[in-house]
>>> print(open('coords29.txt').read())   # compact mmCIF, C-alpha atoms
# COMPACT_ATOMS: atom_id res chain seq x y z
CA VAL Z 1 50.90 -36.96 -15.80
CA GLN Z 2 52.44 -34.51 -13.37
CA LEU Z 3 50.76 -32.71 -10.48
CA VAL Z 4 52.79 -30.13 -8.57
CA GLU Z 5 51.37 -28.56 -5.42
CA SER Z 6 52.49 -25.29 -3.88
CA GLY Z 7 51.32 -22.73 -1.35
CA GLY Z 8 51.61 -24.63 1.89
CA GLY Z 9 53.25 -23.24 5.00
CA LEU Z 10 52.85 -22.25 8.63
CA VAL Z 11 49.83 -20.14 9.53
CA GLN Z 12 48.18 -19.09 12.79
CA PRO Z 13 44.70 -20.32 13.71
CA GLY Z 14 42.10 -18.23 11.93
CA GLY Z 15 44.45 -17.47 9.07
CA SER Z 16 44.24 -18.28 5.38
CA LEU Z 17 46.27 -20.05 2.72
CA ARG Z 18 45.73 -20.76 -0.94
CA LEU Z 19 47.10 -23.97 -2.37
CA SER Z 20 47.77 -24.41 -6.08
CA CYS Z 21 48.23 -27.54 -8.15
CA ALA Z 22 49.80 -27.18 -11.59
CA ALA Z 23 48.89 -30.07 -13.87
CA SER Z 24 50.58 -31.31 -17.02
CA GLY Z 25 50.75 -34.36 -19.25
CA PHE Z 26 47.02 -34.78 -19.79
CA THR Z 27 43.98 -32.85 -21.01
CA PHE Z 28 43.29 -31.06 -17.75
CA SER Z 29 39.96 -29.58 -18.79
CA ARG Z 30 38.40 -33.04 -19.16
CA TYR Z 31 39.12 -34.32 -15.67
CA ARG Z 32 37.63 -34.01 -12.25
CA MET Z 33 40.24 -32.80 -9.75
CA SER Z 34 40.45 -33.29 -6.02
CA TRP Z 35 42.35 -32.25 -2.94
CA TYR Z 36 43.11 -34.80 -0.23
CA ARG Z 37 44.97 -34.44 3.03
CA GLN Z 38 46.76 -36.73 5.43
CA ALA Z 39 47.72 -35.97 9.00
CA PRO Z 40 50.30 -38.11 10.86
CA GLY Z 41 48.83 -41.43 11.94
CA THR Z 42 45.63 -41.00 9.95
CA GLU Z 43 44.31 -42.15 6.60
CA ARG Z 44 44.31 -39.87 3.60
CA GLU Z 45 40.94 -38.15 3.34
CA LEU Z 46 39.09 -36.30 0.62
CA VAL Z 47 38.88 -32.57 1.31
CA ALA Z 48 37.25 -31.20 -1.84
CA ALA Z 49 36.56 -32.10 -5.46
CA ILE Z 50 35.56 -30.16 -8.56
CA SER Z 51 34.12 -31.35 -11.85
CA SER Z 52 35.82 -30.65 -15.15
CA ASP Z 53 33.45 -27.76 -15.90
CA SER Z 54 33.50 -26.39 -12.31
CA ILE Z 55 29.74 -26.88 -11.98
CA THR Z 56 29.90 -29.55 -9.29
CA ARG Z 57 31.96 -29.02 -6.14
CA ASN Z 58 32.00 -31.31 -3.12
CA TYR Z 59 33.47 -30.74 0.31
CA ALA Z 60 34.19 -32.76 3.41
CA ASP Z 61 31.90 -31.76 6.27
CA SER Z 62 34.91 -30.63 8.28
CA VAL Z 63 35.85 -27.92 5.76
CA ARG Z 64 32.54 -26.90 4.20
CA GLY Z 65 32.04 -23.16 4.51
CA ARG Z 66 35.74 -22.51 5.15
CA PHE Z 67 37.46 -23.98 2.07
CA THR Z 68 36.76 -23.29 -1.59
CA ILE Z 69 37.98 -25.37 -4.52
CA SER Z 70 38.31 -23.77 -7.94
CA ARG Z 71 40.10 -24.32 -11.21
CA ASP Z 72 41.41 -22.43 -14.20
CA ASN Z 73 41.34 -24.69 -17.24
CA ALA Z 74 43.30 -22.15 -19.28
CA LYS Z 75 46.16 -22.41 -16.78
CA ASN Z 76 45.81 -26.15 -16.05
CA THR Z 77 45.65 -25.32 -12.37
CA VAL Z 78 43.36 -26.22 -9.49
CA TYR Z 79 43.23 -24.19 -6.28
CA LEU Z 80 42.17 -24.67 -2.70
CA GLN Z 81 41.40 -21.47 -0.80
CA MET Z 82 41.50 -22.22 2.92
CA ASN Z 83 40.07 -19.70 5.36
CA SER Z 84 39.48 -19.77 9.11
CA LEU Z 85 42.15 -22.42 9.48
CA LYS Z 86 42.18 -24.60 12.58
CA PRO Z 87 44.96 -26.66 14.16
CA GLU Z 88 43.12 -29.80 13.05
CA ASP Z 89 43.61 -28.73 9.42
CA THR Z 90 47.32 -29.46 9.85
CA ALA Z 91 48.27 -32.10 7.27
CA VAL Z 92 50.02 -32.76 4.02
CA TYR Z 93 47.68 -31.73 1.20
CA TYR Z 94 47.70 -33.66 -2.06
CA CYS Z 95 46.33 -32.92 -5.49
CA HIS Z 96 44.65 -35.88 -7.19
CA THR Z 97 43.05 -36.99 -10.41
CA ARG Z 98 42.35 -40.30 -12.05
CA ASP Z 99 41.53 -41.83 -15.37
CA SER Z 100 39.93 -45.20 -16.13
CA SER Z 101 43.09 -47.05 -15.16
CA TYR Z 102 45.19 -45.03 -12.75
CA ALA Z 103 45.09 -42.60 -9.88
CA TYR Z 104 47.61 -39.76 -9.97
CA TRP Z 105 48.97 -37.84 -6.99
CA GLY Z 106 51.21 -34.86 -6.47
CA GLN Z 107 54.09 -34.88 -4.01
CA GLY Z 108 52.08 -32.97 -1.41
CA THR Z 109 52.48 -29.66 0.38
CA GLN Z 110 52.63 -29.29 4.15
CA VAL Z 111 50.09 -27.07 5.90
CA THR Z 112 50.70 -26.38 9.58
CA VAL Z 113 48.22 -24.38 11.64
CA SER Z 114 49.75 -23.35 14.94
CA SER Z 115 50.24 -20.35 17.15
>>> encode(input="coords29.txt", output="structure tokens")
Amino acid sequence: VQLVESGGGLVQPGGSLRLSCAASGFTFSRYRMSWYRQAPGTERELVAAISSDSITRNYADSVRGRFTISRDNAKNTVYLQMNSLKPEDTAVYYCHTRDSSYAYWGQGTQVTVSS
């Protein structure tokens, strides 16, 4: 299993970014996918999750209404569209999935929101 995130960077408050996570090594279309984030000195937290068929999407209260998770099963990719970014969104963002035995993580992509 390999998860490779991209799309992070430096953005001003109020700006937007779209993160991508390219998945390989498993049958992507069968698995729920999630985005987590971790800021320095804090625990990793769930940001958003999407079911295998995209019907169910869940968001942390702190991002609901600003972030949108989506997926393209034909491209084995999950996305996180982040709008109205705030300084408190600054963190390393990780792509995640799991099977019955293991949890899988990408290497993370840094998002910094600062003027």
>>> closest_atom_pairs(input="coords29.txt", of="segment 22-43 of chain Z", to="segment 94-113 of chain Z", cutoff="8 Å", atoms="all atoms listed in the file", output="JSON lines")
{"residue": "Z:Tyr31", "atom": "CA", "partner": "Z:Thr97", "partner_atom": "CA", "distance": 7.1}
{"residue": "Z:Arg32", "atom": "CA", "partner": "Z:Thr97", "partner_atom": "CA", "distance": 6.5}
{"residue": "Z:Met33", "atom": "CA", "partner": "Z:Thr97", "partner_atom": "CA", "distance": 5.1}
{"residue": "Z:Ser34", "atom": "CA", "partner": "Z:His96", "partner_atom": "CA", "distance": 5.1}
{"residue": "Z:Trp35", "atom": "CA", "partner": "Z:Cys95", "partner_atom": "CA", "distance": 4.8}
{"residue": "Z:Tyr36", "atom": "CA", "partner": "Z:Tyr94", "partner_atom": "CA", "distance": 5.1}
{"residue": "Z:Arg37", "atom": "CA", "partner": "Z:Tyr94", "partner_atom": "CA", "distance": 5.8}
>>> residues_around(input="coords29.txt", residues="segment 48-50 of chain Z", least_positions_apart="2", cutoff="9 Å", atoms="only C-alpha atoms", output="PyMOL selection string")
chain Z and resi 31-36+46+52-60+63-64+67-71+78+80
>>> atom_distance(input="coords29.txt", atom1="atom CA of Phe26 of chain Z", atom2="atom CA of Ala91 of chain Z")
27.2 Å
>>> closest_residue(input="coords29.txt", among="Z:Gly14, Z:Gly8, Z:Arg30, Z:Val1", to="Lys86 of chain Z", atoms="only C-alpha atoms")
Z:Gly14
>>> closest_residue(input="coords29.txt", among="Z:Glu5, Z:Gln12, Z:Leu17, Z:Ser24", to="Asn73 of chain Z", atoms="only C-alpha atoms")
Z:Ser24
>>> closest_residue(input="coords29.txt", among="Z:Thr42, Z:Ser114, Z:Ser20, Z:Ser51", to="Met82 of chain Z", atoms="all atoms listed in the file")
Z:Ser20
>>> axis_aligned_box(input="coords29.txt", around="segment 99-115 of chain Z", padding_each_side="4 Å", output="JSON")
{"center_x": 47.0, "center_y": -33.7, "center_z": 0.5, "size_x": 22.2, "size_y": 34.7, "size_z": 41.3}
>>> atom_distance(input="coords29.txt", atom1="atom CA of Gly41 of chain Z", atom2="atom CA of Gln2 of chain Z")
26.5 Å
>>> residues_around(input="coords29.txt", residues="Ala23 of chain Z", least_positions_apart="6", cutoff="6 Å", atoms="all atoms listed in the file", output="VMD selection string")
chain Z and resid 2 to 3 76 to 77
>>> atom_distance(input="coords29.txt", atom1="atom CA of Arg18 of chain Z", atom2="atom CA of Glu43 of chain Z")
22.7 Å
>>> closest_residue(input="coords29.txt", among="Z:Val92, Z:Val47, Z:Leu10, Z:Cys21", to="Asp72 of chain Z", atoms="only C-alpha atoms")
Z:Cys21
>>> closest_residue(input="coords29.txt", among="Z:Gly25, Z:Gly15, Z:Val4, Z:Gln38", to="Asn83 of chain Z", atoms="all atoms listed in the file")
Z:Gly15
>>> decode(input="coords29.txt", residues="segment 27-46 of chain Z", atoms="N, CA and C atoms", output="PDB file, in the first residue's frame")
ATOM      1  N   THR Z  27      -7.093  -2.221  -3.642  1.00  0.00           N
ATOM      2  CA  THR Z  27      -8.291  -1.914  -4.428  1.00  0.00           C
ATOM      3  C   THR Z  27      -8.957  -0.679  -3.832  1.00  0.00           C
ATOM      4  N   PHE Z  28      -8.520   0.461  -4.341  1.00  0.00           N
ATOM      5  CA  PHE Z  28      -8.900   1.765  -3.781  1.00  0.00           C
ATOM      6  C   PHE Z  28     -10.405   1.929  -3.632  1.00  0.00           C
ATOM      7  N   SER Z  29     -11.145   1.488  -4.633  1.00  0.00           N
ATOM      8  CA  SER Z  29     -12.582   1.736  -4.670  1.00  0.00           C
ATOM      9  C   SER Z  29     -13.344   1.021  -3.563  1.00  0.00           C
ATOM     10  N   ARG Z  30     -12.713   0.138  -2.848  1.00  0.00           N
ATOM     11  CA  ARG Z  30     -13.389  -0.619  -1.792  1.00  0.00           C
ATOM     12  C   ARG Z  30     -13.179  -0.038  -0.407  1.00  0.00           C
ATOM     13  N   TYR Z  31     -12.349   0.987  -0.300  1.00  0.00           N
ATOM     14  CA  TYR Z  31     -11.941   1.452   1.020  1.00  0.00           C
ATOM     15  C   TYR Z  31     -12.359   2.882   1.330  1.00  0.00           C
ATOM     16  N   ARG Z  32     -12.787   3.052   2.558  1.00  0.00           N
ATOM     17  CA  ARG Z  32     -12.980   4.382   3.115  1.00  0.00           C
ATOM     18  C   ARG Z  32     -11.635   5.073   3.192  1.00  0.00           C
ATOM     19  N   MET Z  33     -11.607   6.361   2.902  1.00  0.00           N
ATOM     20  CA  MET Z  33     -10.380   7.156   2.935  1.00  0.00           C
ATOM     21  C   MET Z  33     -10.582   8.359   3.851  1.00  0.00           C
ATOM     22  N   SER Z  34      -9.489   8.776   4.459  1.00  0.00           N
ATOM     23  CA  SER Z  34      -9.564   9.882   5.404  1.00  0.00           C
ATOM     24  C   SER Z  34      -8.381  10.819   5.237  1.00  0.00           C
ATOM     25  N   TRP Z  35      -8.596  12.034   5.712  1.00  0.00           N
ATOM     26  CA  TRP Z  35      -7.522  13.017   5.875  1.00  0.00           C
ATOM     27  C   TRP Z  35      -7.402  13.332   7.368  1.00  0.00           C
ATOM     28  N   TYR Z  36      -6.189  13.317   7.861  1.00  0.00           N
ATOM     29  CA  TYR Z  36      -5.865  13.726   9.218  1.00  0.00           C
ATOM     30  C   TYR Z  36      -4.887  14.888   9.138  1.00  0.00           C
ATOM     31  N   ARG Z  37      -4.728  15.575  10.255  1.00  0.00           N
ATOM     32  CA  ARG Z  37      -3.706  16.605  10.331  1.00  0.00           C
ATOM     33  C   ARG Z  37      -3.080  16.616  11.719  1.00  0.00           C
ATOM     34  N   GLN Z  38      -1.863  17.131  11.760  1.00  0.00           N
ATOM     35  CA  GLN Z  38      -1.147  17.224  13.031  1.00  0.00           C
ATOM     36  C   GLN Z  38      -0.339  18.499  13.055  1.00  0.00           C
ATOM     37  N   ALA Z  39      -0.656  19.351  14.007  1.00  0.00           N
ATOM     38  CA  ALA Z  39       0.107  20.574  14.235  1.00  0.00           C
ATOM     39  C   ALA Z  39       1.174  20.292  15.291  1.00  0.00           C
ATOM     40  N   PRO Z  40       2.250  21.086  15.321  1.00  0.00           N
ATOM     41  CA  PRO Z  40       3.313  20.859  16.308  1.00  0.00           C
ATOM     42  C   PRO Z  40       2.766  20.844  17.731  1.00  0.00           C
ATOM     43  N   GLY Z  41       3.159  19.832  18.502  1.00  0.00           N
ATOM     44  CA  GLY Z  41       2.762  19.752  19.892  1.00  0.00           C
ATOM     45  C   GLY Z  41       1.351  19.276  20.132  1.00  0.00           C
ATOM     46  N   THR Z  42       0.684  18.815  19.079  1.00  0.00           N
ATOM     47  CA  THR Z  42      -0.699  18.342  19.231  1.00  0.00           C
ATOM     48  C   THR Z  42      -0.817  16.911  18.719  1.00  0.00           C
ATOM     49  N   GLU Z  43      -1.921  16.283  19.048  1.00  0.00           N
ATOM     50  CA  GLU Z  43      -2.181  14.938  18.547  1.00  0.00           C
ATOM     51  C   GLU Z  43      -2.744  15.010  17.130  1.00  0.00           C
ATOM     52  N   ARG Z  44      -2.523  13.944  16.400  1.00  0.00           N
ATOM     53  CA  ARG Z  44      -3.093  13.852  15.052  1.00  0.00           C
ATOM     54  C   ARG Z  44      -4.612  13.778  15.173  1.00  0.00           C
ATOM     55  N   GLU Z  45      -5.303  14.561  14.347  1.00  0.00           N
ATOM     56  CA  GLU Z  45      -6.755  14.603  14.426  1.00  0.00           C
ATOM     57  C   GLU Z  45      -7.397  14.336  13.073  1.00  0.00           C
ATOM     58  N   LEU Z  46      -8.569  13.721  13.115  1.00  0.00           N
ATOM     59  CA  LEU Z  46      -9.317  13.463  11.897  1.00  0.00           C
ATOM     60  C   LEU Z  46      -9.914  14.756  11.369  1.00  0.00           C
TER      61      LEU Z  46
END
